[in-house]
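Undergrad: Take this structure first; my questions come after.
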Amino acid sequence: MITLLKNGKLYDPAHNKDGVVEDIYIRNGHIIAKPISAEKINQTFDLTGKVVMAGAIDMHSHIGGGKVNIARMMLPEFQETRGYSEPEAHICTPNCSHNATPNTTDTGFRYIEMGYTAAFEPAIMPINARQAHLEMADTPMIDKGGYAMLGNDDYFLRLLSSGADQKAINDYVAWTLHATQAIGIKVVNPGGISAFKFNQRRLNLDENNVHYQVTPRDILKSLSRAVNELGIAKPLHVHCNNLGAAGNFQTTLDTMGASDGLPMHLTHVQFHSYGTEGDKKFSSAAAQIAEALNKNKHITADVGQILFGQTVTTSGDSMMQHLNARHANPKKSVIMDIECDAGCGVVPFKYRDQNYVNALQWAIGLELFLSVEDPWRIFLTTDHPNGAPFTSYPHLIRLLMDKSFRNEAFAKLNLDAQAMSNLTSLNREYSLYEIAIMTRAGAAKLIGLNNCGHLGAGAQADITVYTDNPDREAMFAKPDYVFKNGELVVKDGKVVKVVWGATHVVKPAFDIAVEVDLKKYFDKYHTIQLDNYKINNNEIHDNGRGKIVTHSKGE
Amino acid sequence: MKNISLKSNQCIATCPACGLLCDDILLENNQNVIKVMANGCAKSIPFFEQKLNDATPRIAGEPATLAQALARAAQILKQAQQPLFTGLSTDVAGFRAIYNLAQKTSGIHQQNMQHMNAASTARNIRVLQSTGWQTTTLTEVKNRADVIVCIGSDIVSHNPRFFERFVDVDGMFISAKNRQLIVLGESKNNGVIKSDALEAAWILPCRADDLPSVTIALRALVAGKPLKATEVAGIKVSDLQSVADKLKAAKYAVLAWVSKDFDYPHAELTIQNITETVAILNQTTRAAGLALGGSDGDTSANNANTWLSGFALNNDTIEHDCVVWVNSFNAEKLPPNTDKPLIVLGNTNCQFETTPDVFIPTAKPGLDCSGTLFRVDSSVILPLKKLRENNLPTLSEVVSGIEALL
Ligand SMILES: [Zn+2]
Ligand SMILES: [Zn+2]
């Protein structure tokens with residue numbers, strides 16, 4: 001059975017194809033080289049004039065796990081927005097919900113309708129990983145995976161403060177990746193979530209956690225080295241200290257130097273690019289951050305763009321979210337300390353274009369996008385749902401690709417904020433090719449998904465087909481076709497077939513002797529058995545609906 | 001669990017009988033009869049040692065084949081416009097199956113789903129949805145809590161091993177002997193549970209319906225607002241002041257409650273007094289709330305419903321023309337009295353007051369089949385084991401059998 005996608009204009013940065021007209025052949029869910037002429041073509045789609053890209057990959061989106069479910073539970077009023085049309089968001093389809101906390105079915109549907117075929121939960125708390133996978137198992141249409149959070153767990157901090165050697169750290173990190181079925185490691189406010197449990201309220205890069213007497217820098221050094229030495233593709237995913245605080249850009253700049261040149265990914269940098277200039281002591285430091293990103297080739301970043309409207313911030317950063325809770329809108333929040341493992345803070349926010357800080361946050365995100373030169377090292381995210389729901393991506397893409405549209409939006413902002421931003425002096429407009437890098441090829445490369453994010457032979461046939469439309473928001477909101485593993489699943493922006501995606505993981509080798517000490521620790525301090533902490537493959541297989549894809553570097 | 005060597009007929013299992021989900025229960029299986037050998041409690045022993053019993057489905061009380069029972073259940077559901085799915089005592093997979101069945105059979109109506117613990121769960125959910133809260137989980141309690149206040153009861157009638165596992169043990173940052181335990185409310189233990197902490201506890205007795213005034217007084221005192229009264233519901237204000245002082249001096253105070261104990265109108269306000277007390281404490285020191293209790297898969301049902309639908313399970317009174325009662329774990333929980341057609345899916349040991357129109361016995365997760373369950377703090381999710389041979393279908397299997405006939 002061969003499907004032929006004929007005559008499409010391919011934007012495939014992994015193969016340097018920038019609008020090249022070419023045919024694509026699909027067999028058994030994969031893209032294949034042009035078959036010999038004797039082979040029968042079963043199905044042909046004429047894509048003449050259409051824009052063809054690999055399925056998009058969201059490398060940072062809170063789609064599963066405790067925090068998101070707490071947000072859903074706390075905010076029933078969000079669900080009542082089902083069917084309403086918010087100007088910022090995508091083009092609505094019947095039964096559409098594009099609130100900040102969609103249920104799992106809506107999550108899968110909204111993603112695939114926009115041509116996204118994979119999304120990665122960036123904050124899996126190891127102790128809560130089973131819930132994250134249960135939720136992702138109930139998320140149809142897309143592939144998924146997640147990054148396990150370390151660096152605030154007492155086991156790791158005990159290792160680090162007792163001067164354990166790097167091998168012990170590496171084994172523990174690898175063991176965690178296996179136990180949680182994750183594809184990467186994340187650290188949130190390194191050391192700070194733990195410090196908050198000891199009543200520290202802020203933690204700077206070179207400040208000690210009062211109990212463990214280790215600094216965030218020590219933690220970053222140790223974890224980035226572990227990730228690097230284990231040979232997994234995804235660099236350490238770093239949510240810096242001082243989230244959202246005015247003046248935090250210096251922490252962010254310093255953090256770039258904390259790994260001694262080893263790769264690190266700084267997430268939602270928009271929330272970490274704030275200066276203290278001006279009357280309101282809150283300013284854009286996007287230029288400094290972008291300059292540093294341009295210079296530090298070992299650093300990648302995603303933006304975490306905010307867009308105006310109602311959303312909810314769900315973060316592992318209980319320390320900073322406890323501070324932010326006073327800005328909650330509606331006025332409620334959940335702050336949790338969790339299992340000597342991590343924490344969380346869920347705080348609803350309404351970003352307003354007439355609010356000085358919010359307006360500037362919006363501008364800072366765009367300044368970052370437009371000032372970071374290499375699209376392979378910057379990624380398109382809203383840190384769903386923290387900056388905005390992922391359904392606003394088409395709108396964000398238009399802001400990046402259409403200068404006059406962007407400047408018109410800018411002109412409506414709070415005037416004081418306008419005065420503090422250089423956005424209108426940035427003339428860059430992203431090309432389709434650059435969008436394809438940010439949302440496909442770059443994301444796949446970053447995470448180490450060897451068969452996704454490109455259109456070459458051997459790729460998983462996750463393919464999105466758009467009608468070229470100068471209104472880029474309309475174009476990216478509603479693809480003509482989306483193919484998932486070679487099957488047509490979306491036609492004219494609507495799901496025509498329900499499918500279930502795979503879970504992407506890494507399983508680097510480690511010394512199983514790590515369990516000897518872990519078992520002692522669990523028996524003494526934890527409240528569950530070590531064996532029950534580990535998620536086995538059958539749980540993900542879920543009677544055949546789920547599937548595990550294990551990646552290794554350079555496979 | 002210390003390294004013990006298990007005999008070939010022994011295993012360590014996870015107990016679904018209360019929200020603590022103790023996963024250190026030592027069991028022995030002799031000719032398919034389970035016996036709890038260690039770490040059992042008043043809830044886990046009856047659960048694990050319940051009989052397999054007759055697995056025959058029944059239609060109006062008469063024995064039937066599974067196929068006949070499935071057909072009759074499907075027929076009732078096809079005739080119904082608005083079925084009510086209630087009980088909902090099952091694990092995550094079972095809930096997911098029932099949720100899908102509810103979606104398929106509710107037509108144009110919002111699906112009707114109500115857990116048997118809906119009333120007590122709703123008390124907590126109302127607080128979550130009005131102000132939110134600052135809470136903790138059991139491993140944090142074990143390792144950090146230096147002052148623990150149990151509000152409403154001494155917990156053990158709901159979670160028998162709470163003190164044994166999390167309080168009477170040394171933690172990473174606190175030793176057992178340095179913890180202070182205060183009980184504000186009724187002591188229901190009657191000496192059954194042996195606990196050092198409970199024995200040494202400072203108990204300030206009050207009745208359940210006095211808790212609204214006691215908790216609001218404590219909240220005011222923690223906030224530094226003096227009270228004019230010298231006594232609240234029989235408790236001296238000077239004693240409450242002393243509780244407030246201990247909380248403020250604590251490094252990590254935990255205020256625990258079981259919403260089932262607050263069985264009076266507007267109980268959410270009592271819970272809110274507790275959680276707002278925590279919020280005030282967190283301005284200067286560290287403190288956290290801890291909602292305990294939990295049973296019959298309520299935390300699992302609520303979480304799964306939330307991610308599947310976007311909404312927490314609610315406690316609304318619901319119009320319905322047929323009842324599907326799902327009860328896996330505890331045979332003593334009985335379906336509501338109803339004059340509507342009644343389908344029962346669940347525990348083989350139930351003695352019904354009204355004969356169901358259809359009764360299909362199903363496997364009990366954690367005993368007759370494997371499963372997955374949420375602990376009461378929602379953060380920990382544990383696998384359940386199949387422990388004995390049986391030919392009971394799982395709830396998912398029964399539901400897909402019904403769905404195939406719709
Ligand atoms: Zn919509
Ligand atoms: Zn995030």
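Letters for chains follow the order of the structure tokens (A, B, ...), residue numbers begin at 1 for each chain, and ligand numbers begin at 1 in the order shown.
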Would you kindly report the residues of chain A within 9 Å of chain B, using only C-alpha atoms, as a ChimeraX atom specification?

TA: /A:64,66,68-70,72-76,78-79,101-105,127-131,134-135,138-139,196-199,331-341,343,345,519-520,522-529,532-533,535

Undergrad: Give me the residues near Pro361 in chain B as a ChimeraX atom specification, where near means some atom within 8 Å (using only C-alpha atoms) and where sequence neighbours in that chain fewer than 2 positions away do not count.

TA: /B:55-57,345-348,359,363,392-393

Undergrad: Which residues are close to Ala250 in chain B, i.e. within 10 Å by only C-alpha atoms, leaving aside same-chain residues fewer than 6 positions away? Reply as a list in words.

TA: Ala145, Asp146, Val147, Ile148, Arg179, Gln180, Ala244, Leu281, Thr285, Arg286 and Ala287 of chain B

Undergrad: Print the selection's residues with all heavy atoms to a file, as a CSV table (one decimal), in the first residue's frame.

TA:
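Done, and the output landed in selection10.csv:
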```
chain,number,residue,atom,x,y,z
B,145,ALA,N,7.4,17.2,59.1
B,145,ALA,CA,6.4,17.8,59.9
B,145,ALA,C,6.9,17.8,61.4
B,145,ALA,O,7.1,16.8,62.0
B,145,ALA,CB,5.1,17.1,59.8
B,146,ASP,N,7.0,19.0,62.0
B,146,ASP,CA,7.3,19.1,63.4
B,146,ASP,C,6.1,19.3,64.3
B,146,ASP,O,6.1,19.0,65.5
B,146,ASP,CB,8.5,20.1,63.7
B,146,ASP,CG,8.2,21.4,63.1
B,146,ASP,OD1,7.2,21.6,62.4
B,146,ASP,OD2,9.0,22.3,63.4
B,147,VAL,N,5.1,20.0,63.7
B,147,VAL,CA,3.9,20.2,64.5
B,147,VAL,C,2.7,19.7,63.6
B,147,VAL,O,2.6,20.1,62.4
B,147,VAL,CB,3.6,21.6,64.9
B,147,VAL,CG1,2.2,21.8,65.5
B,147,VAL,CG2,4.7,22.1,65.8
B,148,ILE,N,1.9,18.7,64.1
B,148,ILE,CA,0.8,18.2,63.3
B,148,ILE,C,-0.5,18.5,64.0
B,148,ILE,O,-0.6,18.1,65.2
B,148,ILE,CB,1.0,16.7,63.0
B,148,ILE,CG1,2.3,16.5,62.2
B,148,ILE,CG2,-0.2,16.1,62.2
B,148,ILE,CD1,2.7,15.0,62.1
B,179,ARG,N,8.3,15.5,67.4
B,179,ARG,CA,7.1,16.0,66.8
B,179,ARG,C,6.1,16.3,67.9
B,179,ARG,O,6.0,15.6,68.9
B,179,ARG,CB,6.5,15.0,65.9
B,179,ARG,CG,7.3,14.6,64.7
B,179,ARG,CD,6.5,13.7,63.8
B,179,ARG,NE,7.2,12.7,63.1
B,179,ARG,CZ,7.6,12.8,61.8
B,179,ARG,NH1,7.4,13.9,61.2
B,179,ARG,NH2,8.3,11.9,61.2
B,180,GLN,N,5.3,17.3,67.6
B,180,GLN,CA,4.1,17.6,68.5
B,180,GLN,C,2.8,17.3,67.7
B,180,GLN,O,2.7,17.8,66.6
B,180,GLN,CB,4.1,19.1,68.9
B,180,GLN,CG,5.3,19.5,69.7
B,180,GLN,CD,5.2,21.0,70.0
B,180,GLN,OE1,4.3,21.3,70.8
B,180,GLN,NE2,6.0,21.8,69.4
B,244,ALA,N,-1.9,28.2,68.3
B,244,ALA,CA,-1.5,29.2,67.3
B,244,ALA,C,0.0,29.5,67.5
B,244,ALA,O,0.7,29.6,66.5
B,244,ALA,CB,-2.3,30.5,67.4
B,281,LEU,N,0.2,31.3,57.9
B,281,LEU,CA,1.5,30.8,58.4
B,281,LEU,C,2.6,30.8,57.4
B,281,LEU,O,3.8,31.2,57.7
B,281,LEU,CB,1.3,29.3,58.9
B,281,LEU,CG,0.5,29.1,60.1
B,281,LEU,CD1,0.1,27.6,60.3
B,281,LEU,CD2,1.2,29.6,61.4
B,285,THR,N,6.6,31.4,58.0
B,285,THR,CA,7.3,30.1,58.2
B,285,THR,C,6.7,29.1,57.2
B,285,THR,O,6.0,29.6,56.2
B,285,THR,CB,7.1,29.6,59.6
B,285,THR,OG1,7.8,28.4,59.7
B,285,THR,CG2,5.6,29.4,60.0
B,286,ARG,N,6.9,27.9,57.3
B,286,ARG,CA,6.4,26.9,56.4
B,286,ARG,C,5.3,26.1,57.1
B,286,ARG,O,5.4,25.7,58.2
B,286,ARG,CB,7.4,26.0,55.8
B,286,ARG,CG,8.3,26.7,54.7
B,286,ARG,CD,7.5,27.5,53.6
B,286,ARG,NE,6.3,26.8,53.2
B,286,ARG,CZ,6.3,25.8,52.3
B,286,ARG,NH1,7.4,25.4,51.7
B,286,ARG,NH2,5.1,25.2,52.0
B,287,ALA,N,4.2,25.9,56.3
B,287,ALA,CA,3.1,25.1,56.8
B,287,ALA,C,2.4,24.5,55.6
B,287,ALA,O,2.6,25.0,54.5
B,287,ALA,CB,2.1,26.0,57.6
```

Undergrad: Looking only at the backbone, which of the residues in range 125-294 of chain B does DSSP tag as helix (DSSP H, G or I), as a short mmCIF file (atom, residue, chain, number, x, y, z; two decimals) with N, CA, C and O atoms, in the first residue's frame?

TA:
```
data_model
loop_
_atom_site.label_atom_id
_atom_site.label_comp_id
_atom_site.auth_asym_id
_atom_site.auth_seq_id
_atom_site.Cartn_x
_atom_site.Cartn_y
_atom_site.Cartn_z
N ILE B 125 -13.41 20.06 47.21
CA ILE B 125 -13.37 20.67 45.88
C ILE B 125 -13.88 22.10 45.91
O ILE B 125 -13.37 22.99 45.23
N ARG B 126 -14.90 22.34 46.75
CA ARG B 126 -15.42 23.72 46.84
C ARG B 126 -14.34 24.69 47.31
O ARG B 126 -14.27 25.82 46.85
N VAL B 127 -13.52 24.24 48.23
CA VAL B 127 -12.43 25.11 48.72
C VAL B 127 -11.39 25.31 47.63
O VAL B 127 -10.96 26.44 47.35
N LEU B 128 -11.03 24.21 46.98
CA LEU B 128 -10.07 24.29 45.87
C LEU B 128 -10.54 25.29 44.83
O LEU B 128 -9.77 26.09 44.29
N GLN B 129 -11.86 25.26 44.55
CA GLN B 129 -12.38 26.10 43.47
C GLN B 129 -12.69 27.53 43.91
O GLN B 129 -12.92 28.39 43.07
N SER B 130 -12.73 27.77 45.21
CA SER B 130 -13.00 29.16 45.59
C SER B 130 -11.73 29.92 45.96
O SER B 130 -11.53 31.04 45.52
N LEU B 138 2.33 12.87 51.78
CA LEU B 138 2.68 12.04 52.95
C LEU B 138 4.19 11.91 53.20
O LEU B 138 4.61 11.86 54.36
N THR B 139 5.00 11.85 52.14
CA THR B 139 6.44 11.73 52.38
C THR B 139 7.01 13.01 52.98
O THR B 139 7.94 12.97 53.79
N GLU B 140 6.45 14.16 52.61
CA GLU B 140 6.87 15.41 53.25
C GLU B 140 6.49 15.40 54.72
O GLU B 140 7.25 15.84 55.59
N VAL B 141 5.29 14.91 55.03
CA VAL B 141 4.84 14.85 56.42
C VAL B 141 5.81 13.99 57.23
O VAL B 141 6.30 14.39 58.30
N LYS B 142 6.11 12.83 56.70
CA LYS B 142 7.00 11.90 57.40
C LYS B 142 8.37 12.53 57.67
O LYS B 142 8.95 12.35 58.73
N ASN B 143 8.88 13.29 56.72
CA ASN B 143 10.26 13.77 56.83
C ASN B 143 10.42 15.17 57.41
O ASN B 143 11.51 15.54 57.81
N ARG B 144 9.34 15.96 57.39
CA ARG B 144 9.49 17.36 57.80
C ARG B 144 8.60 17.82 58.94
O ARG B 144 8.96 18.75 59.66
N PHE B 162 -2.01 5.83 59.67
CA PHE B 162 -1.44 7.16 59.44
C PHE B 162 -0.29 7.47 60.41
O PHE B 162 0.80 7.86 60.01
N PHE B 163 -0.53 7.26 61.70
CA PHE B 163 0.51 7.60 62.69
C PHE B 163 1.69 6.63 62.61
O PHE B 163 2.84 7.04 62.63
N GLU B 164 1.36 5.35 62.52
CA GLU B 164 2.42 4.34 62.45
C GLU B 164 3.39 4.64 61.30
O GLU B 164 4.60 4.59 61.47
N ARG B 165 2.85 4.98 60.14
CA ARG B 165 3.71 5.10 58.95
C ARG B 165 4.34 6.48 58.78
O ARG B 165 5.40 6.59 58.18
N PHE B 166 3.68 7.54 59.25
CA PHE B 166 4.16 8.89 58.89
C PHE B 166 4.53 9.77 60.09
O PHE B 166 5.13 10.81 59.91
N ALA B 176 10.99 11.38 65.49
CA ALA B 176 9.63 11.13 65.96
C ALA B 176 9.39 11.79 67.31
O ALA B 176 8.33 12.36 67.56
N LYS B 177 10.39 11.71 68.19
CA LYS B 177 10.15 12.21 69.55
C LYS B 177 10.05 13.74 69.59
O LYS B 177 9.54 14.29 70.55
N ASN B 178 10.51 14.40 68.56
CA ASN B 178 10.43 15.87 68.55
C ASN B 178 9.19 16.42 67.85
O ASN B 178 9.04 17.62 67.71
N ASP B 196 2.63 6.16 69.64
CA ASP B 196 3.31 7.02 70.61
C ASP B 196 2.83 8.45 70.47
O ASP B 196 2.58 9.14 71.46
N ALA B 197 2.71 8.89 69.24
CA ALA B 197 2.31 10.27 68.99
C ALA B 197 0.91 10.53 69.54
O ALA B 197 0.66 11.53 70.21
N LEU B 198 0.01 9.59 69.28
CA LEU B 198 -1.37 9.76 69.76
C LEU B 198 -1.42 9.75 71.28
O LEU B 198 -2.17 10.52 71.89
N GLU B 199 -0.61 8.88 71.89
CA GLU B 199 -0.60 8.83 73.35
C GLU B 199 -0.11 10.14 73.96
O GLU B 199 -0.62 10.59 74.98
N ALA B 200 0.87 10.74 73.29
CA ALA B 200 1.44 11.98 73.81
C ALA B 200 0.70 13.21 73.31
O ALA B 200 1.06 14.34 73.65
N ALA B 208 -18.09 17.86 66.30
CA ALA B 208 -17.93 18.17 64.88
C ALA B 208 -18.59 19.50 64.53
O ALA B 208 -18.00 20.34 63.84
N ASP B 209 -19.82 19.72 65.05
CA ASP B 209 -20.50 20.95 64.63
C ASP B 209 -19.99 22.20 65.34
O ASP B 209 -20.43 23.31 65.07
N ASP B 210 -19.02 22.02 66.27
CA ASP B 210 -18.34 23.18 66.83
C ASP B 210 -17.12 23.58 66.01
O ASP B 210 -16.52 24.64 66.25
N LEU B 211 -16.73 22.73 65.07
CA LEU B 211 -15.50 23.00 64.31
C LEU B 211 -15.52 24.32 63.55
O LEU B 211 -14.49 25.00 63.48
N PRO B 212 -16.68 24.73 62.99
CA PRO B 212 -16.65 26.03 62.30
C PRO B 212 -16.18 27.15 63.22
O PRO B 212 -15.32 27.95 62.84
N SER B 213 -16.68 27.19 64.45
CA SER B 213 -16.29 28.30 65.33
C SER B 213 -14.87 28.10 65.88
O SER B 213 -14.12 29.06 66.03
N VAL B 214 -14.49 26.85 66.12
CA VAL B 214 -13.14 26.61 66.64
C VAL B 214 -12.09 26.95 65.57
O VAL B 214 -11.08 27.60 65.86
N THR B 215 -12.34 26.55 64.34
CA THR B 215 -11.34 26.80 63.29
C THR B 215 -11.25 28.28 62.93
O THR B 215 -10.17 28.78 62.63
N ILE B 216 -12.39 28.97 63.01
CA ILE B 216 -12.31 30.40 62.68
C ILE B 216 -11.58 31.15 63.80
O ILE B 216 -10.83 32.10 63.54
N ALA B 217 -11.74 30.67 65.03
CA ALA B 217 -11.01 31.29 66.15
C ALA B 217 -9.51 31.06 65.99
O ALA B 217 -8.70 31.98 66.15
N LEU B 218 -9.15 29.85 65.65
CA LEU B 218 -7.72 29.55 65.47
C LEU B 218 -7.13 30.39 64.34
O LEU B 218 -6.03 30.94 64.45
N ARG B 219 -7.90 30.51 63.26
CA ARG B 219 -7.45 31.31 62.11
C ARG B 219 -7.20 32.77 62.53
O ARG B 219 -6.19 33.37 62.17
N ALA B 220 -8.12 33.30 63.34
CA ALA B 220 -7.97 34.69 63.80
C ALA B 220 -6.73 34.83 64.68
O ALA B 220 -5.95 35.77 64.53
N LEU B 221 -6.53 33.87 65.57
CA LEU B 221 -5.39 33.94 66.49
C LEU B 221 -4.06 33.84 65.72
O LEU B 221 -3.10 34.55 66.03
N VAL B 222 -4.03 32.97 64.73
CA VAL B 222 -2.80 32.84 63.93
C VAL B 222 -2.55 34.14 63.17
O VAL B 222 -1.40 34.56 62.98
N VAL B 237 -9.71 29.90 75.08
CA VAL B 237 -9.02 30.67 74.05
C VAL B 237 -7.52 30.69 74.31
O VAL B 237 -6.71 30.67 73.38
N SER B 238 -7.15 30.64 75.59
CA SER B 238 -5.71 30.61 75.89
C SER B 238 -5.07 29.33 75.34
O SER B 238 -3.93 29.34 74.90
N ASP B 239 -5.84 28.23 75.35
CA ASP B 239 -5.31 27.00 74.75
C ASP B 239 -5.18 27.14 73.23
O ASP B 239 -4.19 26.71 72.64
N LEU B 240 -6.21 27.75 72.63
CA LEU B 240 -6.14 27.96 71.17
C LEU B 240 -4.98 28.88 70.82
O LEU B 240 -4.29 28.69 69.81
N GLN B 241 -4.76 29.87 71.68
CA GLN B 241 -3.63 30.78 71.46
C GLN B 241 -2.31 30.00 71.51
O GLN B 241 -1.41 30.22 70.70
N SER B 242 -2.27 29.06 72.43
CA SER B 242 -1.06 28.26 72.55
C SER B 242 -0.86 27.37 71.30
O SER B 242 0.27 27.17 70.84
N VAL B 243 -1.97 26.86 70.76
CA VAL B 243 -1.88 26.10 69.50
C VAL B 243 -1.35 27.03 68.40
O VAL B 243 -0.44 26.67 67.64
N ALA B 244 -1.91 28.24 68.34
CA ALA B 244 -1.47 29.20 67.32
C ALA B 244 0.01 29.51 67.46
O ALA B 244 0.74 29.56 66.46
N ASP B 245 0.47 29.66 68.70
CA ASP B 245 1.89 29.95 68.92
C ASP B 245 2.78 28.80 68.46
O ASP B 245 3.84 29.00 67.87
N LYS B 246 2.33 27.58 68.77
CA LYS B 246 3.10 26.41 68.33
C LYS B 246 3.18 26.36 66.80
O LYS B 246 4.22 26.01 66.23
N LEU B 247 2.07 26.67 66.16
CA LEU B 247 2.05 26.66 64.69
C LEU B 247 3.02 27.69 64.13
O LEU B 247 3.75 27.44 63.18
N LYS B 248 2.99 28.87 64.74
CA LYS B 248 3.85 29.95 64.22
C LYS B 248 5.33 29.66 64.47
O LYS B 248 6.19 30.08 63.71
N ALA B 249 5.59 28.92 65.54
CA ALA B 249 6.99 28.60 65.86
C ALA B 249 7.48 27.36 65.10
O ALA B 249 8.68 27.09 65.05
N SER B 259 -12.43 15.20 55.21
CA SER B 259 -13.68 15.93 54.93
C SER B 259 -14.92 15.14 55.32
O SER B 259 -15.97 15.70 55.56
N LYS B 260 -14.77 13.81 55.41
CA LYS B 260 -15.91 12.99 55.85
C LYS B 260 -16.33 13.32 57.29
O LYS B 260 -17.48 13.14 57.67
N ASP B 261 -15.38 13.81 58.09
CA ASP B 261 -15.70 14.17 59.47
C ASP B 261 -16.56 15.43 59.56
O ASP B 261 -17.13 15.71 60.60
N ALA B 267 -19.72 22.85 55.29
CA ALA B 267 -18.48 22.34 55.88
C ALA B 267 -17.26 22.90 55.15
O ALA B 267 -16.18 22.96 55.71
N GLU B 268 -17.46 23.33 53.89
CA GLU B 268 -16.30 23.87 53.15
C GLU B 268 -15.72 25.10 53.86
O GLU B 268 -14.53 25.38 53.73
N LEU B 269 -16.57 25.78 54.63
CA LEU B 269 -16.04 26.96 55.34
C LEU B 269 -15.07 26.56 56.44
O LEU B 269 -14.12 27.28 56.73
N THR B 270 -15.32 25.41 57.05
CA THR B 270 -14.37 24.89 58.05
C THR B 270 -13.04 24.58 57.38
O THR B 270 -11.97 24.94 57.88
N ILE B 271 -13.13 23.90 56.24
CA ILE B 271 -11.90 23.54 55.52
C ILE B 271 -11.16 24.80 55.10
O ILE B 271 -9.93 24.90 55.21
N GLN B 272 -11.93 25.79 54.67
CA GLN B 272 -11.30 27.04 54.26
C GLN B 272 -10.62 27.75 55.44
O GLN B 272 -9.56 28.35 55.27
N ASN B 273 -11.21 27.66 56.61
CA ASN B 273 -10.54 28.22 57.79
C ASN B 273 -9.18 27.55 57.99
O ASN B 273 -8.19 28.21 58.33
N ILE B 274 -9.15 26.25 57.78
CA ILE B 274 -7.88 25.52 57.94
C ILE B 274 -6.88 25.96 56.86
O ILE B 274 -5.73 26.30 57.16
N THR B 275 -7.32 25.98 55.62
CA THR B 275 -6.37 26.27 54.53
C THR B 275 -5.93 27.73 54.56
O THR B 275 -4.80 28.04 54.21
N GLU B 276 -6.80 28.62 55.02
CA GLU B 276 -6.39 30.02 55.14
C GLU B 276 -5.45 30.21 56.33
O GLU B 276 -4.58 31.08 56.30
N THR B 277 -5.63 29.41 57.36
CA THR B 277 -4.66 29.44 58.46
C THR B 277 -3.27 29.06 57.93
O THR B 277 -2.27 29.70 58.24
N VAL B 278 -3.25 28.03 57.10
CA VAL B 278 -1.98 27.62 56.47
C VAL B 278 -1.39 28.77 55.65
O VAL B 278 -0.19 29.06 55.72
N ALA B 279 -2.25 29.43 54.87
CA ALA B 279 -1.75 30.52 54.01
C ALA B 279 -1.13 31.64 54.85
O ALA B 279 -0.10 32.20 54.47
N ILE B 280 -1.75 31.93 56.00
CA ILE B 280 -1.20 32.97 56.87
C ILE B 280 0.16 32.53 57.42
O ILE B 280 1.14 33.27 57.40
N LEU B 281 0.23 31.28 57.87
CA LEU B 281 1.50 30.77 58.41
C LEU B 281 2.61 30.84 57.37
O LEU B 281 3.76 31.15 57.69
#
```

Undergrad: Using only C-alpha atoms and all ligand atoms, which protein or nucleic acid residues are at most 8 Å from ligand 2, as a ChimeraX atom specification?

TA: /A:60-62,122-123,239,267-268,304,314-315,383-386

Undergrad: In range 316-462 of chain A, what's strand (DSSP E or B) per DSSP? Answer as a PyMOL selection string?

TA: chain A and resi 333-338+342-351+378-379+460

Undergrad: Taking C-alpha atoms for each residue, export the selection above as a JSON list (two decimals), in the first residue's frame.

TA:
```
[["chain", "number", "residue", "atom", "x", "y", "z"],
["A", 333, "SER", "CA", -4.03, 29.25, 43.65],
["A", 334, "VAL", "CA", -2.56, 25.92, 44.65],
["A", 335, "ILE", "CA", 0.93, 25.60, 46.11],
["A", 336, "MET", "CA", 2.24, 22.15, 46.98],
["A", 337, "ASP", "CA", 5.31, 20.52, 48.48],
["A", 338, "ILE", "CA", 5.54, 17.03, 47.04],
["A", 342, "ALA", "CA", 9.54, 18.46, 44.02],
["A", 343, "GLY", "CA", 6.68, 20.89, 44.35],
["A", 344, "CYS", "CA", 4.19, 22.78, 42.28],
["A", 345, "GLY", "CA", 2.37, 26.06, 42.00],
["A", 346, "VAL", "CA", -0.79, 26.61, 39.98],
["A", 347, "VAL", "CA", -1.77, 30.26, 39.60],
["A", 348, "PRO", "CA", -4.38, 31.56, 37.12],
["A", 349, "PHE", "CA", -3.40, 34.68, 35.21],
["A", 350, "LYS", "CA", -5.16, 37.07, 32.91],
["A", 351, "TYR", "CA", -2.67, 38.86, 30.68],
["A", 378, "ILE", "CA", 15.27, 29.01, 19.54],
["A", 379, "PHE", "CA", 11.90, 27.32, 19.78],
["A", 460, "GLN", "CA", 7.74, 8.56, 10.35]]
```

Undergrad: Calculate how many Å separate CA of Ala286 in chain A from CA of Gly365 in chain A, rounding to one decimal.

TA: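 For CA of Ala286 in chain A relative to CA of Gly365 in chain A, the distance reads 7.7 Å.
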
Undergrad: Near range 169-177 of chain A, within 7 Å and counting only C-alpha atoms, which residues show up once chain neighbours fewer than 4 positions away are dropped, as a ChimeraX atom specification?

TA: /A:148,165,181-183,226,230,506-508,510-511,514
